[in-house]
Structures are given as structure tokens and as C-alpha cells.
Amino acid sequence: MSIENKKTLAVYDKTAHLYLASSIEHDNLDPVKASRKRKKLESLIKSSFACLPSGSKIFEIGSADGANSKFIESLGFNVTSSDIADDFINATKSKGLHTIKFNVLEDDFPEKYSGVFCWRVLVHFTKEDALTLIQKVYDALEDNGILLFNVINRDTKNTDEEWVDFEGEYHMGVERYYSYFRKEELDSMIDKVGFKIHDFFKQGGDNNDKWLIYVLRK
Ligand SMILES: C[S@@+](CC[C@H](N)C(=O)[O-])C[C@H]1O[C@@H](n2cnc3c(N)ncnc32)[C@H](O)[C@@H]1O
């Protein structure tokens, strides 16, 4: 586990309550845009896991407020939410979600899953951390299992990595580590681990290419 991720987790541990409050404030600034983004994400989640039978076990890494886990549960899946910061864990538990404290870079998955969802988490991972995550998820998935995740596209940034506290959006008063990925880097990690790319999209930002989104199949 990198020092960058470790330090960023220490920030979340202290400021998760601010993250939760600012994401609500951020959505309230432009409810129409927030609702459009929400619908787009839900449609992506639904289609990515559509090949899994109802009742399949899906694990979310870094669930934060649990909104995505709750949506996955509403599709008829058996969901386990997870995060590191106690305020996040309490937020998902208060939504009635089965939740565990889980650091994907240090802890073992408690069991095998048919699907893993990991949204906006690799933004805080070095390249080495990312490879560790992809390998660990591969090992924790049943055959034909699905991993849905995203990273920020390096082509839309002018640096490989940086420490930032974004103004306005998710402003927490403390910098967190952000890392940006090129498609070729991810493709090579995916290939090395043995996943097959089931689907791939670019989405978000002014040119619809801010995020690289992968749906992988074991
Ligand atoms: C930008 S937030 C995204 C939260 C949520 N997935 C969403 O899209 O709203 C990043 C999340 O990654 C989690 N995270 C970062 N490093 C992690 C690690 N090593 N293990 C588990 N979760 C981690 C943080 O605790 C935080 O919940």
C-alpha cells in the first residue's frame, strides 16, 4: 500500500463527515445536472451487472454514502458495502446496508463475489496500488464475475499525479492524492492479470472523456 493512499485515507478518516455534507451541497447547486448524472450512472450499473443472476453477491469498495450500494441492492443483488472511515460506514449502515470496514490494499475479501463495484476509488491509487487492486478483485471473483470501475483519464490532465483539495466540489480543507491513468496503462494491467474487457466507455467532463470506465469479466 502506497504512502499516498495511506495519507489520503487518514484525511478521509478525519473529514468523511465533510465529504458527505459537501456532496449533498454540491448536488443541490444544480439538481437537474445531479439527477442526470445519477440516472446515467444507474443505467451503467444496471447494464454492467445485467448478466448476473438475481441474488448474486456484489461487493462495493469505497461505498462512502452508500447511494450506489443501495441502488445495486434495489436491482435484486445481495450487496456488501465497505469503506475505511467510520462516518462512511455509519452512513451505509444507516441505509440498512450490510457493511464492513475494508481496506482493499491490506485486507482479504471475506468471500467470493459475482460482482465488484469500485467507483471513483482508484483516483487515490498509485499505479502499483491499482495493479494490486485489479489482481485482488480478480482473485475474489467467481468465474465470469464482473468488475466495474473507473479512473480519471490522464489525457484530460497536465500531470500524472497531484495533491489537491478541489474548490467547490468535495472541498474538504485538506489535500488528497489524485492519480490519472492512460488507457494503455490500464489495458496492460488488465491483460497482465487475465481479465477480459467486457465493455469500455469514456464519459464526463467538457469533452465526454474525463473518466475511463471499464467493465471487466473474469
Ligand atoms: C472520491 S471517494 C468516492 C466514494 C464513492 N465510491 C462515490 O463514488 O461517491 C473515494 C473513496 O475511496 C475510498 N478508498 C480510498 N482508498 C481506499 C482503500 N485503500 N480501500 C478502501 N477504500 C478506499 C475512500 O474511503 C472513499 O470512500
# chains A, B, ... in the order shown; residues from 1 in each chain; ligands from 1
call {"tool": "residues_near_ligand", "arguments": {"ligand": "ligand 1", "cutoff": "10 Å", "atoms": "only C-alpha atoms and all ligand atoms", "output": "VMD selection string"}}
result
chain A and resid 1 to 2 4 to 13 16 19 to 20 23 41 60 to 69 82 to 89 101 to 107 117 to 125 129 to 130 133 149 to 150 170 176 to 178
call {"tool": "write_last_selection", "arguments": {"atoms": "C-alpha atoms", "output": "PDB file, in the first residue's frame"}}
result
ATOM      1  CA  MET A   1       0.000   0.000   0.000  1.00  0.00           C
ATOM      2  CA  SER A   2       1.469   3.353  -1.043  1.00  0.00           C
ATOM      3  CA  GLU A   4      -0.030   8.351  -0.946  1.00  0.00           C
ATOM      4  CA  ASN A   5      -3.082   6.147  -0.383  1.00  0.00           C
ATOM      5  CA  LYS A   6      -2.314   5.750   3.308  1.00  0.00           C
ATOM      6  CA  LYS A   7      -2.135   9.542   3.835  1.00  0.00           C
ATOM      7  CA  THR A   8      -5.315  10.075   1.802  1.00  0.00           C
ATOM      8  CA  LEU A   9      -7.162   7.507   3.899  1.00  0.00           C
ATOM      9  CA  ALA A  10      -6.045   9.376   7.021  1.00  0.00           C
ATOM     10  CA  VAL A  11      -7.652  12.513   5.520  1.00  0.00           C
ATOM     11  CA  TYR A  12     -10.931  10.638   4.869  1.00  0.00           C
ATOM     12  CA  ASP A  13     -10.841   9.240   8.376  1.00  0.00           C
ATOM     13  CA  ALA A  16     -15.594  11.917   5.884  1.00  0.00           C
ATOM     14  CA  TYR A  19     -17.263  14.857   2.286  1.00  0.00           C
ATOM     15  CA  LEU A  20     -20.800  13.598   2.938  1.00  0.00           C
ATOM     16  CA  SER A  23     -21.563  16.090  -1.820  1.00  0.00           C
ATOM     17  CA  LEU A  41     -24.609   6.064 -13.545  1.00  0.00           C
ATOM     18  CA  GLU A  60     -18.676  -2.350  -3.305  1.00  0.00           C
ATOM     19  CA  ILE A  61     -15.195  -0.980  -2.483  1.00  0.00           C
ATOM     20  CA  GLY A  62     -15.238   2.568  -1.029  1.00  0.00           C
ATOM     21  CA  SER A  63     -19.024   2.981  -0.749  1.00  0.00           C
ATOM     22  CA  ALA A  64     -18.899   6.395   1.049  1.00  0.00           C
ATOM     23  CA  ASP A  65     -22.582   7.444   1.457  1.00  0.00           C
ATOM     24  CA  GLY A  66     -23.859   4.091   0.150  1.00  0.00           C
ATOM     25  CA  ALA A  67     -26.130   5.547  -2.561  1.00  0.00           C
ATOM     26  CA  ASN A  68     -24.670   3.239  -5.209  1.00  0.00           C
ATOM     27  CA  SER A  69     -24.796   0.151  -2.992  1.00  0.00           C
ATOM     28  CA  SER A  82     -17.368  -1.278   2.532  1.00  0.00           C
ATOM     29  CA  ASP A  83     -15.184   1.659   3.410  1.00  0.00           C
ATOM     30  CA  ILE A  84     -12.498   2.746   5.812  1.00  0.00           C
ATOM     31  CA  ALA A  85     -13.785   5.862   7.565  1.00  0.00           C
ATOM     32  CA  ASP A  86     -16.227   5.287  10.414  1.00  0.00           C
ATOM     33  CA  ASP A  87     -18.500   8.142   9.234  1.00  0.00           C
ATOM     34  CA  PHE A  88     -18.878   6.420   5.842  1.00  0.00           C
ATOM     35  CA  ILE A  89     -19.524   3.058   7.493  1.00  0.00           C
ATOM     36  CA  LYS A 101     -14.609  -1.934   7.334  1.00  0.00           C
ATOM     37  CA  PHE A 102     -12.299  -2.883   4.484  1.00  0.00           C
ATOM     38  CA  ASN A 103      -9.043  -1.588   3.054  1.00  0.00           C
ATOM     39  CA  VAL A 104      -8.755  -3.215  -0.362  1.00  0.00           C
ATOM     40  CA  LEU A 105      -4.957  -2.870  -0.337  1.00  0.00           C
ATOM     41  CA  GLU A 106      -4.488  -4.554   3.036  1.00  0.00           C
ATOM     42  CA  ASP A 107      -7.463  -6.764   3.828  1.00  0.00           C
ATOM     43  CA  PHE A 117     -18.101  -2.208  -7.964  1.00  0.00           C
ATOM     44  CA  CYS A 118     -15.346   0.346  -7.407  1.00  0.00           C
ATOM     45  CA  TRP A 119     -16.385   3.891  -8.313  1.00  0.00           C
ATOM     46  CA  ARG A 120     -14.028   6.888  -8.082  1.00  0.00           C
ATOM     47  CA  VAL A 121     -11.734   4.965  -5.715  1.00  0.00           C
ATOM     48  CA  LEU A 122      -8.723   4.411  -7.997  1.00  0.00           C
ATOM     49  CA  VAL A 123      -8.443   8.207  -8.203  1.00  0.00           C
ATOM     50  CA  HIS A 124      -6.460   7.883  -4.951  1.00  0.00           C
ATOM     51  CA  PHE A 125      -4.286   4.942  -6.039  1.00  0.00           C
ATOM     52  CA  ASP A 129      -1.874   0.200  -5.932  1.00  0.00           C
ATOM     53  CA  ALA A 130      -4.131  -0.050  -8.976  1.00  0.00           C
ATOM     54  CA  LEU A 133      -6.496  -3.867  -6.591  1.00  0.00           C
ATOM     55  CA  PHE A 149     -14.630   0.599 -12.102  1.00  0.00           C
ATOM     56  CA  ASN A 150     -13.472   3.985 -13.337  1.00  0.00           C
ATOM     57  CA  TYR A 170     -15.998  17.933  -2.469  1.00  0.00           C
ATOM     58  CA  ARG A 176      -5.902  14.355  -1.127  1.00  0.00           C
ATOM     59  CA  TYR A 177      -3.693  12.397  -3.544  1.00  0.00           C
ATOM     60  CA  TYR A 178      -5.046  12.070  -7.103  1.00  0.00           C
TER      61      TYR A 178
END
call {"tool": "select_by_dssp", "arguments": {"residues": "segment 66-123 of chain A", "states": "alpha helix (DSSP H)", "output": "VMD selection string"}}
result
chain A and resid 67 to 74 86 to 94
call {"tool": "write_last_selection", "arguments": {"atoms": "C-alpha atoms", "output": "short mmCIF file (atom, residue, chain, number, x, y, z; two decimals), in the first residue's frame"}}
result
data_model
loop_
_atom_site.label_atom_id
_atom_site.label_comp_id
_atom_site.auth_asym_id
_atom_site.auth_seq_id
_atom_site.Cartn_x
_atom_site.Cartn_y
_atom_site.Cartn_z
CA ALA A 67 -26.13 5.55 -2.56
CA ASN A 68 -24.67 3.24 -5.21
CA SER A 69 -24.80 0.15 -2.99
CA LYS A 70 -28.43 0.97 -2.25
CA PHE A 71 -29.19 1.18 -5.96
CA ILE A 72 -27.41 -2.14 -6.64
CA GLU A 73 -29.47 -3.73 -3.85
CA SER A 74 -32.66 -2.38 -5.44
CA ASP A 86 -16.23 5.29 10.41
CA ASP A 87 -18.50 8.14 9.23
CA PHE A 88 -18.88 6.42 5.84
CA ILE A 89 -19.52 3.06 7.49
CA ASN A 90 -22.19 4.60 9.72
CA ALA A 91 -23.77 6.29 6.67
CA THR A 92 -24.15 2.98 4.79
CA LYS A 93 -25.30 1.12 7.89
CA SER A 94 -27.97 3.78 8.45
#
call {"tool": "select_by_dssp", "arguments": {"residues": "segment 117-160 of chain A", "states": "strand (DSSP E)", "output": "PyMOL selection string"}}
result
chain A and resi 117-118+141-152
call {"tool": "write_last_selection", "arguments": {"atoms": "C-alpha atoms", "output": "compact mmCIF listing (two decimals), in the first residue's frame"}}
result
# COMPACT_ATOMS: atom_id res chain seq x y z
CA PHE A 117 -18.10 -2.21 -7.96
CA CYS A 118 -15.35 0.35 -7.41
CA LEU A 141 -14.38 -13.03 -8.18
CA GLU A 142 -16.20 -16.17 -9.23
CA ASP A 143 -15.56 -17.32 -12.80
CA ASN A 144 -17.34 -14.96 -15.22
CA GLY A 145 -17.60 -12.38 -12.42
CA ILE A 146 -17.74 -8.68 -13.28
CA LEU A 147 -15.60 -5.76 -12.10
CA LEU A 148 -16.99 -2.29 -12.86
CA PHE A 149 -14.63 0.60 -12.10
CA ASN A 150 -13.47 3.99 -13.34
CA VAL A 151 -10.34 6.14 -13.33
CA ILE A 152 -9.65 9.74 -14.36
call {"tool": "closest_residue", "arguments": {"among": "A:Asp155, A:Asp139, A:Glu184, A:Asp30", "to": "Asp209 of chain A", "atoms": "only C-alpha atoms"}}
result
A:Asp155
call {"tool": "closest_residue", "arguments": {"among": "A:Gly204, A:Gly96, A:Gly173, A:Gly194", "to": "Ser22 of chain A", "atoms": "only C-alpha atoms"}}
result
A:Gly173
call {"tool": "atom_distance", "arguments": {"atom1": "atom CA of Lys46 of chain A", "atom2": "atom CA of Ser179 of chain A"}}
result
27.2 Å
call {"tool": "residues_around", "arguments": {"residues": "Lys57 of chain A", "least_positions_apart": "3", "cutoff": "10 Å", "atoms": "only C-alpha atoms", "output": "compact mmCIF listing (two decimals) with N, CA and C atoms, in the first residue's frame"}}
result
# COMPACT_ATOMS: atom_id res chain seq x y z
N LEU A 52 -25.59 -10.95 -14.52
CA LEU A 52 -25.54 -11.76 -13.29
C LEU A 52 -26.95 -12.09 -12.82
N PRO A 53 -27.16 -13.36 -12.35
CA PRO A 53 -28.49 -13.72 -11.88
C PRO A 53 -28.91 -12.93 -10.65
N SER A 54 -30.21 -12.73 -10.50
CA SER A 54 -30.75 -12.05 -9.32
C SER A 54 -30.26 -12.76 -8.06
N GLU A 73 -28.57 -2.87 -4.63
CA GLU A 73 -29.47 -3.73 -3.85
C GLU A 73 -30.88 -3.70 -4.44
N GLY A 76 -31.93 -6.18 -6.95
CA GLY A 76 -32.15 -7.58 -6.56
C GLY A 76 -30.87 -8.33 -6.22
N PHE A 77 -29.75 -7.60 -6.07
CA PHE A 77 -28.49 -8.26 -5.71
C PHE A 77 -28.28 -8.25 -4.20
N ASN A 78 -27.39 -9.16 -3.78
CA ASN A 78 -27.04 -9.29 -2.37
C ASN A 78 -25.74 -8.48 -2.17
N VAL A 79 -25.88 -7.30 -1.56
CA VAL A 79 -24.77 -6.33 -1.56
C VAL A 79 -24.00 -6.29 -0.25
N THR A 80 -22.68 -6.22 -0.36
CA THR A 80 -21.84 -5.88 0.78
C THR A 80 -21.18 -4.53 0.47
N GLU A 111 -15.19 -13.23 1.22
CA GLU A 111 -15.67 -14.39 0.45
C GLU A 111 -15.55 -14.09 -1.03
N LYS A 112 -16.07 -15.00 -1.85
CA LYS A 112 -16.05 -14.78 -3.31
C LYS A 112 -17.33 -14.05 -3.72
N TYR A 113 -17.23 -13.26 -4.78
CA TYR A 113 -18.35 -12.44 -5.24
C TYR A 113 -18.55 -12.64 -6.75
N SER A 114 -19.79 -12.34 -7.19
CA SER A 114 -20.07 -12.40 -8.63
C SER A 114 -19.79 -11.06 -9.28
N GLY A 115 -19.81 -10.00 -8.45
CA GLY A 115 -19.55 -8.67 -8.99
C GLY A 115 -18.83 -7.80 -7.98
N VAL A 116 -17.99 -6.91 -8.48
CA VAL A 116 -17.33 -5.91 -7.62
C VAL A 116 -17.51 -4.55 -8.29
N LEU A 141 -13.19 -12.84 -7.34
CA LEU A 141 -14.38 -13.03 -8.18
C LEU A 141 -14.59 -14.49 -8.56
N GLU A 142 -15.85 -14.88 -8.65
CA GLU A 142 -16.20 -16.17 -9.23
C GLU A 142 -15.87 -16.13 -10.72
N GLY A 145 -17.22 -13.54 -13.24
CA GLY A 145 -17.60 -12.38 -12.42
C GLY A 145 -17.22 -11.07 -13.10
call {"tool": "closest_residue", "arguments": {"among": "A:Arg38, A:His26, A:Arg154, A:Lys14", "to": "Glu167 of chain A", "atoms": "only C-alpha atoms"}}
result
A:His26
